[in-house]
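Visitor: What follows is a structure written as structure tokens; I'll ask about it next.
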Amino acid sequence: MALKNFKSYTKSTRGTVLVDRENIWKGKPMKSLTFGKVSTGGRNNLGRITSRHKGAGHKNKFRMVDFYRKKDDMKAKIERIEYDPNRSAYLALIKYEDGVQNYILAPNNIKIGDEVVSGRTKDIKIGNCMPLSDIPDGTDIHNVELAPNGGGKLARSAGSSAQTSGMDDNYRVIKLSSGEIRKVINTARATIGTVSNADHQNIKIGKAGRNRWKGRRPQSRGVAMNPVDHPHGGGEGKTSGGRSPVSPWGQSAKGLKTRKNKRTNKYIISRRKKRG
């Protein structure tokens, strides 16, 4: 996909950079594979805001994506590539030989008319899904399961992928795009290739209104608030908070480790790279 720039007729179009979706399906999604989403505005069942800066936004329908790929040894044909408002990656509508249709995450460089298949000992071809034990070292993969039949959990966003890099008893060693190296049971499945729409990271929205379409409301800085509203609030004149940066609830915003899942620590060989 190419990026789309605009002539600077207005202040917003001067800085806008979007992804050109010329070859993406223009019609509506498959009705049987969608359901309506209820807009909560960030509020819980008591009407209290539990997730700030959310509200309004454009209506959209949720697409039911097949992260499991359990229909083994049955070829499926790519019918079309679709935009999904709920995720950064594109979706591919596939049709199996028995007539069943499903949405899957569209891999990069896959085209309409291509065939994909899942199961044991399949070709190492973009879009094919198979157990990690059947995938050679150095292969780019996405939609990686953490447990057999658990559905893909890793490498699902636009342009992301993981890479196989060895075996350790019954485990496959994979390297994630974050830099983390971890073990995953080799009977878990993954899909060959990288996720589509890698140019998503180069988008410049150009104007605040585009965030409102997405349901993101404006945020106020903590230092502009009163002490009752935020730990950074108050002070005579303009201050920078008077303390190390924290969230409104006092949690450090300078890289405090919040991981508490000690049960899976043994599967992580090397932690992800620290941000600069």
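Every chain in the structure tokens has a letter given in the order shown (A, B, ...), and although residue numbers restart at 1 in each chain, ligands are simply numbered from 1 in the order shown.
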Any idea what's packed within 8 Å of range 76-81 of chain A, counting only C-alpha atoms, ignoring anything in its chain fewer than 5 positions away? Could you give it as a ChimeraX atom specification?
Guide: /A:24-25,90-97,106,111-117
Visitor: Near range 219-227 of chain A, counting only C-alpha atoms, which residues have an atom at most 10 Å away, once you skip same-chain residues fewer than 2 positions from it, shown as a VMD selection string?
Guide: chain A and resid 52 to 54 216 to 217 229 to 235 238 to 242 245 to 248
Visitor: Counting only C-alpha atoms, figure out which residue out of A:Lys7, A:Ala158, A:Arg210, A:Ala198 gets nearest to Gly57 in chain A.
Guide: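 Closest candidate: A:Arg210.
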Visitor: Would you return as a PyMOL selection string the members of range 67-143 of chain A that DSSP assigns to strand (DSSP E) on this structure's backbone?
Guide: chain A and resi 76-82+91-96+101-105+115-116+129-131+140-142
Visitor: Keeping only N, CA and C atoms, write the selected residues as a PDB file, in the first residue's frame.
Guide:
ATOM      1  N   ALA A  76      -8.747 -22.824   1.067  1.00  0.00           N
ATOM      2  CA  ALA A  76      -9.638 -21.669   1.102  1.00  0.00           C
ATOM      3  C   ALA A  76      -9.093 -20.629   0.137  1.00  0.00           C
ATOM      4  N   LYS A  77      -9.987 -19.946  -0.548  1.00  0.00           N
ATOM      5  CA  LYS A  77      -9.609 -18.951  -1.541  1.00  0.00           C
ATOM      6  C   LYS A  77      -9.845 -17.554  -0.993  1.00  0.00           C
ATOM      7  N   ILE A  78      -8.905 -16.648  -1.259  1.00  0.00           N
ATOM      8  CA  ILE A  78      -9.058 -15.251  -0.828  1.00  0.00           C
ATOM      9  C   ILE A  78     -10.095 -14.583  -1.728  1.00  0.00           C
ATOM     10  N   GLU A  79     -11.224 -14.182  -1.145  1.00  0.00           N
ATOM     11  CA  GLU A  79     -12.300 -13.555  -1.905  1.00  0.00           C
ATOM     12  C   GLU A  79     -12.067 -12.047  -2.055  1.00  0.00           C
ATOM     13  N   ARG A  80     -11.637 -11.396  -0.967  1.00  0.00           N
ATOM     14  CA  ARG A  80     -11.402  -9.950  -1.016  1.00  0.00           C
ATOM     15  C   ARG A  80     -10.626  -9.525   0.230  1.00  0.00           C
ATOM     16  N   ILE A  81     -10.019  -8.346   0.151  1.00  0.00           N
ATOM     17  CA  ILE A  81      -9.303  -7.735   1.272  1.00  0.00           C
ATOM     18  C   ILE A  81     -10.141  -6.561   1.764  1.00  0.00           C
ATOM     19  N   GLU A  82     -10.398  -6.501   3.079  1.00  0.00           N
ATOM     20  CA  GLU A  82     -11.295  -5.485   3.626  1.00  0.00           C
ATOM     21  C   GLU A  82     -10.612  -4.645   4.700  1.00  0.00           C
ATOM     22  N   LEU A  91      -8.359  -7.174   6.866  1.00  0.00           N
ATOM     23  CA  LEU A  91      -8.903  -8.523   6.957  1.00  0.00           C
ATOM     24  C   LEU A  91      -9.031  -9.115   5.562  1.00  0.00           C
ATOM     25  N   ALA A  92      -8.913 -10.427   5.484  1.00  0.00           N
ATOM     26  CA  ALA A  92      -9.145 -11.140   4.231  1.00  0.00           C
ATOM     27  C   ALA A  92     -10.370 -12.035   4.418  1.00  0.00           C
ATOM     28  N   LEU A  93     -11.316 -11.945   3.481  1.00  0.00           N
ATOM     29  CA  LEU A  93     -12.471 -12.842   3.495  1.00  0.00           C
ATOM     30  C   LEU A  93     -12.102 -14.082   2.690  1.00  0.00           C
ATOM     31  N   ILE A  94     -12.122 -15.249   3.342  1.00  0.00           N
ATOM     32  CA  ILE A  94     -11.761 -16.490   2.668  1.00  0.00           C
ATOM     33  C   ILE A  94     -12.988 -17.384   2.535  1.00  0.00           C
ATOM     34  N   LYS A  95     -12.998 -18.202   1.490  1.00  0.00           N
ATOM     35  CA  LYS A  95     -14.097 -19.138   1.247  1.00  0.00           C
ATOM     36  C   LYS A  95     -13.522 -20.535   1.079  1.00  0.00           C
ATOM     37  N   TYR A  96     -13.920 -21.455   1.974  1.00  0.00           N
ATOM     38  CA  TYR A  96     -13.434 -22.833   1.923  1.00  0.00           C
ATOM     39  C   TYR A  96     -14.132 -23.616   0.818  1.00  0.00           C
ATOM     40  N   GLN A 101     -17.467 -19.390   4.859  1.00  0.00           N
ATOM     41  CA  GLN A 101     -16.666 -18.173   4.738  1.00  0.00           C
ATOM     42  C   GLN A 101     -16.209 -17.698   6.109  1.00  0.00           C
ATOM     43  N   ASN A 102     -15.014 -17.124   6.158  1.00  0.00           N
ATOM     44  CA  ASN A 102     -14.448 -16.620   7.407  1.00  0.00           C
ATOM     45  C   ASN A 102     -13.595 -15.392   7.124  1.00  0.00           C
ATOM     46  N   TYR A 103     -13.438 -14.569   8.156  1.00  0.00           N
ATOM     47  CA  TYR A 103     -12.451 -13.493   8.112  1.00  0.00           C
ATOM     48  C   TYR A 103     -11.174 -13.985   8.783  1.00  0.00           C
ATOM     49  N   ILE A 104     -10.028 -13.674   8.172  1.00  0.00           N
ATOM     50  CA  ILE A 104      -8.737 -13.904   8.831  1.00  0.00           C
ATOM     51  C   ILE A 104      -7.925 -12.614   8.712  1.00  0.00           C
ATOM     52  N   LEU A 105      -6.874 -12.487   9.528  1.00  0.00           N
ATOM     53  CA  LEU A 105      -5.961 -11.353   9.373  1.00  0.00           C
ATOM     54  C   LEU A 105      -5.266 -11.474   8.024  1.00  0.00           C
ATOM     55  N   GLU A 115      -4.695 -19.079  -2.651  1.00  0.00           N
ATOM     56  CA  GLU A 115      -5.253 -20.137  -1.802  1.00  0.00           C
ATOM     57  C   GLU A 115      -4.421 -20.283  -0.542  1.00  0.00           C
ATOM     58  N   VAL A 116      -5.104 -20.494   0.580  1.00  0.00           N
ATOM     59  CA  VAL A 116      -4.439 -20.743   1.860  1.00  0.00           C
ATOM     60  C   VAL A 116      -5.014 -22.032   2.448  1.00  0.00           C
ATOM     61  N   CYS A 129      -1.433 -21.822   7.707  1.00  0.00           N
ATOM     62  CA  CYS A 129      -1.383 -21.923   9.165  1.00  0.00           C
ATOM     63  C   CYS A 129      -0.993 -23.337   9.557  1.00  0.00           C
ATOM     64  N   MET A 130      -0.071 -23.472  10.498  1.00  0.00           N
ATOM     65  CA  MET A 130       0.425 -24.801  10.877  1.00  0.00           C
ATOM     66  C   MET A 130       1.055 -24.744  12.267  1.00  0.00           C
ATOM     67  N   PRO A 131       1.290 -25.918  12.890  1.00  0.00           N
ATOM     68  CA  PRO A 131       1.965 -25.928  14.199  1.00  0.00           C
ATOM     69  C   PRO A 131       3.384 -25.377  14.090  1.00  0.00           C
ATOM     70  N   ASP A 140       9.266 -15.723   9.113  1.00  0.00           N
ATOM     71  CA  ASP A 140       8.394 -14.695   9.685  1.00  0.00           C
ATOM     72  C   ASP A 140       6.988 -15.265   9.871  1.00  0.00           C
ATOM     73  N   ILE A 141       6.437 -15.094  11.056  1.00  0.00           N
ATOM     74  CA  ILE A 141       5.111 -15.629  11.368  1.00  0.00           C
ATOM     75  C   ILE A 141       4.287 -14.561  12.081  1.00  0.00           C
ATOM     76  N   HIS A 142       2.973 -14.753  12.105  1.00  0.00           N
ATOM     77  CA  HIS A 142       2.084 -13.856  12.856  1.00  0.00           C
ATOM     78  C   HIS A 142       0.911 -14.657  13.390  1.00  0.00           C
TER      79      HIS A 142
END
Visitor: Check range 9-187 of chain A with DSSP on the backbone and list each residue it calls helix (DSSP H, G or I), as a list in words.
Guide: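 Listing helix (DSSP H, G or I) positions across range 9-187 of chain A yields Lys11, Ser12, Thr13, Arg14, Gly15, Lys31, Ser32, Leu33, Leu132, Ser133 and Asp134 of chain A.
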Visitor: Restrict the selected residues to N, CA and C atoms and save them as an mmCIF file, in the first residue's frame.
Guide:
data_model
loop_
_atom_site.group_PDB
_atom_site.id
_atom_site.type_symbol
_atom_site.label_atom_id
_atom_site.label_comp_id
_atom_site.auth_asym_id
_atom_site.auth_seq_id
_atom_site.Cartn_x
_atom_site.Cartn_y
_atom_site.Cartn_z
ATOM 1 N N LYS A 11 -5.232 24.081 6.616
ATOM 2 C CA LYS A 11 -4.171 23.773 7.578
ATOM 3 C C LYS A 11 -4.126 22.287 7.899
ATOM 4 N N SER A 12 -5.294 21.640 7.903
ATOM 5 C CA SER A 12 -5.313 20.222 8.258
ATOM 6 C C SER A 12 -4.761 19.358 7.134
ATOM 7 N N THR A 13 -5.117 19.671 5.876
ATOM 8 C CA THR A 13 -4.629 18.833 4.777
ATOM 9 C C THR A 13 -3.141 19.003 4.538
ATOM 10 N N ARG A 14 -2.570 20.118 5.002
ATOM 11 C CA ARG A 14 -1.130 20.340 4.807
ATOM 12 C C ARG A 14 -0.312 19.241 5.483
ATOM 13 N N GLY A 15 -0.758 18.787 6.644
ATOM 14 C CA GLY A 15 0.026 17.788 7.370
ATOM 15 C C GLY A 15 -0.544 16.387 7.330
ATOM 16 N N LYS A 31 -22.438 -9.678 6.258
ATOM 17 C CA LYS A 31 -23.385 -9.428 7.345
ATOM 18 C C LYS A 31 -23.393 -10.556 8.376
ATOM 19 N N SER A 32 -23.287 -11.807 7.918
ATOM 20 C CA SER A 32 -23.342 -12.953 8.839
ATOM 21 C C SER A 32 -22.113 -13.041 9.730
ATOM 22 N N LEU A 33 -21.049 -12.297 9.384
ATOM 23 C CA LEU A 33 -19.814 -12.343 10.164
ATOM 24 C C LEU A 33 -19.592 -11.060 10.962
ATOM 25 N N LEU A 132 3.860 -24.809 15.180
ATOM 26 C CA LEU A 132 5.206 -24.216 15.197
ATOM 27 C C LEU A 132 6.286 -25.259 14.915
ATOM 28 N N SER A 133 6.021 -26.524 15.248
ATOM 29 C CA SER A 133 7.016 -27.573 15.023
ATOM 30 C C SER A 133 7.286 -27.800 13.540
ATOM 31 N N ASP A 134 6.355 -27.399 12.653
ATOM 32 C CA ASP A 134 6.512 -27.606 11.212
ATOM 33 C C ASP A 134 7.127 -26.408 10.501
#
